[in-house]
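Engineer: The structure's right below; bear with me while I get my questions together.
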Amino acid sequence: MLDQLLSHWNYIIVVLLMMIGLFIVISSMNLVKKLVGLSLFQTSVFLFYISLGKIEGGTAPIIITGGHGDHGNSTHDILYSNPLPHVLILTAIVVGVATTALGLSLVLRIKASFNSIEEDEILAEKRVMKSEGRS
């Protein structure tokens, strides 16, 4: 049981990161901490997708031929890994960094407008503004 669990250690790390990220998003009222939790959650999804794309014993999908008339080398027996999951995750990492940067810039704008990055204080300030007739 323990050997089987340790052979899939990457999935254990994925679940731990996912739960930690989700806990931070749910429990924290600080907007920057929420962004850190979302980033952790997103990283766990990246690791999960890359783990699913890994093929044991697979090699890079580069077909090398020996030249003209080299029919003795069979490329049909080689197990190739699919590069598509890794390419998709590379694109998702770039999008994730851009989204995190946008979120941090929005947090800065919220800090300038409400003088706080705590969610409960921002909601209280919005209620005061609404009762005074400002929007």
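If you're wondering about the labels, chains in the structure tokens are A, B, ... by order shown, residues count from 1 in each chain, ligands from 1 in order shown.
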Can you check which residues of chain A DSSP gives as strand (DSSP E or B) on the backbone and send them as a list of chain:residue names?
Structural biologist: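 Listing strand (DSSP E or B) positions across chain A yields A:Asn30, A:Thr59, A:Tyr80, A:Glu118.
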Engineer: Output as JSON lines one row per residue of segment 91-122 of chain A within 6 Å of segment 29-47 of chain A: the closest atom pair and its distance in Å to one decimal place, counting only C-alpha atoms, sorted by chain and residue number ascending.
Structural biologist:
```
{"residue": "A:Ile117", "atom": "CA", "partner": "A:Leu31", "partner_atom": "CA", "distance": 5.7}
{"residue": "A:Glu118", "atom": "CA", "partner": "A:Asn30", "partner_atom": "CA", "distance": 4.6}
{"residue": "A:Glu119", "atom": "CA", "partner": "A:Met29", "partner_atom": "CA", "distance": 5.1}
```
Engineer: Could the residues in this selection be written to a file with N, CA and C atoms, as a PDB file, in the first residue's frame?
Structural biologist:
```pdb
ATOM      1  N   ILE A 117      -7.194  46.445   1.538  1.00  0.00           N
ATOM      2  CA  ILE A 117      -7.285  45.269   0.668  1.00  0.00           C
ATOM      3  C   ILE A 117      -7.973  44.121   1.395  1.00  0.00           C
ATOM      4  N   GLU A 118      -8.589  44.419   2.528  1.00  0.00           N
ATOM      5  CA  GLU A 118      -9.365  43.424   3.263  1.00  0.00           C
ATOM      6  C   GLU A 118     -10.800  43.450   2.750  1.00  0.00           C
ATOM      7  N   GLU A 119     -11.311  42.280   2.402  1.00  0.00           N
ATOM      8  CA  GLU A 119     -12.617  42.187   1.757  1.00  0.00           C
ATOM      9  C   GLU A 119     -13.748  42.726   2.632  1.00  0.00           C
TER      10      GLU A 119
END
```
Engineer: As an mmCIF file with N, CA and C atoms, in the first residue's frame, please: the residues near segment 75-90 of chain A (cut-off 8 Å, only C-alpha atoms, same-chain neighbours under 4 positions excluded).
Structural biologist:
```cif
data_model
loop_
_atom_site.group_PDB
_atom_site.id
_atom_site.type_symbol
_atom_site.label_atom_id
_atom_site.label_comp_id
_atom_site.auth_asym_id
_atom_site.auth_seq_id
_atom_site.Cartn_x
_atom_site.Cartn_y
_atom_site.Cartn_z
ATOM 1 N N PHE A 46 -1.631 22.579 -13.148
ATOM 2 C CA PHE A 46 -0.542 22.398 -14.112
ATOM 3 C C PHE A 46 0.211 21.098 -13.849
ATOM 4 N N TYR A 49 -1.875 18.047 -14.863
ATOM 5 C CA TYR A 49 -1.975 17.839 -16.311
ATOM 6 C C TYR A 49 -0.663 17.314 -16.876
ATOM 7 N N ILE A 50 0.464 17.822 -16.366
ATOM 8 C CA ILE A 50 1.762 17.332 -16.823
ATOM 9 C C ILE A 50 1.972 15.881 -16.383
ATOM 10 N N GLY A 53 0.292 13.570 -18.690
ATOM 11 C CA GLY A 53 0.924 13.490 -19.999
ATOM 12 C C GLY A 53 2.215 12.694 -20.019
ATOM 13 N N LYS A 54 2.722 12.314 -18.852
ATOM 14 C CA LYS A 54 3.982 11.568 -18.778
ATOM 15 C C LYS A 54 3.751 10.105 -19.136
ATOM 16 N N ILE A 55 4.588 9.594 -20.027
ATOM 17 C CA ILE A 55 4.529 8.187 -20.413
ATOM 18 C C ILE A 55 5.813 7.524 -19.934
ATOM 19 N N GLY A 57 8.858 5.394 -19.893
ATOM 20 C CA GLY A 57 9.656 4.800 -20.953
ATOM 21 C C GLY A 57 9.532 5.520 -22.280
ATOM 22 N N GLY A 58 8.763 6.591 -22.334
ATOM 23 C CA GLY A 58 8.592 7.335 -23.573
ATOM 24 C C GLY A 58 9.770 8.249 -23.847
ATOM 25 N N THR A 59 10.009 8.514 -25.098
ATOM 26 C CA THR A 59 11.100 9.387 -25.503
ATOM 27 C C THR A 59 10.540 10.584 -26.268
ATOM 28 N N ALA A 60 11.394 11.549 -26.531
ATOM 29 C CA ALA A 60 10.968 12.733 -27.277
ATOM 30 C C ALA A 60 10.525 12.328 -28.680
ATOM 31 N N PRO A 61 9.483 12.964 -29.196
ATOM 32 C CA PRO A 61 8.957 12.571 -30.512
ATOM 33 C C PRO A 61 9.801 13.127 -31.664
ATOM 34 N N ILE A 63 11.925 11.844 -34.816
ATOM 35 C CA ILE A 63 12.177 10.685 -35.665
ATOM 36 C C ILE A 63 13.480 10.921 -36.412
ATOM 37 N N VAL A 94 1.880 31.070 -19.044
ATOM 38 C CA VAL A 94 1.974 32.460 -19.509
ATOM 39 C C VAL A 94 0.669 33.200 -19.236
#
```
Engineer: Could you state the separation of atom CA of Lys126 of chain A and atom CA of Ser113 of chain A in Å, given to one decimal place?
Structural biologist: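 Between atom CA of Lys126 of chain A and atom CA of Ser113 of chain A the gap works out to 10.6 Å.
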Engineer: Based on DSSP run over this structure's backbone, return all residues of segment 3-134 of chain A in alpha helix (DSSP H), as an MDAnalysis selection string.
Structural biologist: chainID A and resid 3:7 9:27 31:53 84:114 119:132
Engineer: Could you please take those selected residues and save C-alpha atoms as a compact mmCIF listing (two decimals), in the first residue's frame?
Structural biologist:
```txt
# COMPACT_ATOMS: atom_id res chain seq x y z
CA ASP A 3 4.82 1.52 -2.09
CA GLN A 4 1.88 2.18 -4.39
CA LEU A 5 1.22 5.49 -2.64
CA LEU A 6 4.86 6.56 -2.93
CA SER A 7 4.98 5.58 -6.59
CA TRP A 9 3.91 10.97 -5.12
CA ASN A 10 3.22 13.63 -7.75
CA TYR A 11 -0.53 13.13 -7.38
CA ILE A 12 -0.20 13.50 -3.61
CA ILE A 13 1.58 16.82 -4.12
CA VAL A 14 -1.13 17.91 -6.57
CA VAL A 15 -3.88 17.20 -4.04
CA LEU A 16 -1.97 18.94 -1.23
CA LEU A 17 -1.33 22.06 -3.32
CA MET A 18 -4.92 22.10 -4.50
CA MET A 19 -6.32 21.85 -0.97
CA ILE A 20 -3.91 24.48 0.40
CA GLY A 21 -4.80 26.88 -2.43
CA LEU A 22 -8.52 26.31 -1.99
CA PHE A 23 -8.25 26.78 1.78
CA ILE A 24 -6.40 30.09 1.33
CA VAL A 25 -9.00 31.37 -1.13
CA ILE A 26 -11.91 30.42 1.11
CA SER A 27 -10.48 31.41 4.49
CA LEU A 31 -7.15 40.07 -1.61
CA VAL A 32 -3.41 39.47 -2.12
CA LYS A 33 -3.61 36.23 -0.13
CA LYS A 34 -6.57 35.17 -2.26
CA LEU A 35 -4.46 35.73 -5.38
CA VAL A 36 -1.65 33.63 -3.88
CA GLY A 37 -4.18 30.86 -3.14
CA LEU A 38 -5.49 30.99 -6.70
CA SER A 39 -1.93 30.80 -8.00
CA LEU A 40 -1.24 27.72 -5.85
CA PHE A 41 -4.44 26.09 -7.07
CA GLN A 42 -3.50 26.87 -10.66
CA THR A 43 -0.03 25.40 -10.17
CA SER A 44 -1.55 22.19 -8.85
CA VAL A 45 -3.67 21.90 -11.99
CA PHE A 46 -0.54 22.40 -14.11
CA LEU A 47 1.29 19.64 -12.25
CA PHE A 48 -1.69 17.31 -12.58
CA TYR A 49 -1.97 17.84 -16.31
CA ILE A 50 1.76 17.33 -16.82
CA SER A 51 1.64 14.17 -14.69
CA LEU A 52 -1.11 12.76 -16.87
CA GLY A 53 0.92 13.49 -20.00
CA LEU A 84 0.87 18.49 -26.55
CA PRO A 85 0.14 18.53 -22.77
CA HIS A 86 3.46 20.23 -22.08
CA VAL A 87 2.89 22.83 -24.79
CA LEU A 88 -0.60 23.55 -23.47
CA ILE A 89 0.69 23.96 -19.93
CA LEU A 90 3.44 26.29 -21.12
CA THR A 91 0.75 28.46 -22.69
CA ALA A 92 -1.38 28.21 -19.52
CA ILE A 93 1.58 29.33 -17.39
CA VAL A 94 1.97 32.46 -19.51
CA VAL A 95 -1.75 33.18 -19.25
CA GLY A 96 -1.63 32.51 -15.49
CA VAL A 97 1.20 34.99 -14.97
CA ALA A 98 -0.65 37.63 -16.97
CA THR A 99 -3.86 36.99 -15.02
CA THR A 100 -2.03 37.24 -11.70
CA ALA A 101 -0.43 40.51 -12.80
CA LEU A 102 -3.85 41.87 -13.76
CA GLY A 103 -5.27 40.76 -10.41
CA LEU A 104 -2.45 42.49 -8.54
CA SER A 105 -3.00 45.68 -10.52
CA LEU A 106 -6.70 45.54 -9.63
CA VAL A 107 -5.77 45.07 -5.97
CA LEU A 108 -3.62 48.21 -6.21
CA ARG A 109 -6.54 50.12 -7.70
CA ILE A 110 -8.86 48.85 -4.96
CA LYS A 111 -6.30 49.88 -2.34
CA ALA A 112 -6.20 53.40 -3.82
CA SER A 113 -9.99 53.66 -3.90
CA PHE A 114 -10.93 52.08 -0.57
CA GLU A 119 -12.62 42.19 1.76
CA ASP A 120 -14.81 42.89 4.80
CA GLU A 121 -13.52 46.47 5.10
CA ILE A 122 -14.14 47.12 1.40
CA LEU A 123 -17.70 45.79 1.65
CA ALA A 124 -18.35 47.93 4.75
CA GLU A 125 -17.04 51.02 2.92
CA LYS A 126 -19.27 50.23 -0.07
CA ARG A 127 -22.30 49.97 2.23
CA VAL A 128 -21.45 53.36 3.76
CA MET A 129 -21.05 54.88 0.31
CA LYS A 130 -24.36 53.40 -0.83
CA SER A 131 -26.23 54.71 2.22
CA GLU A 132 -24.77 58.20 1.69
```
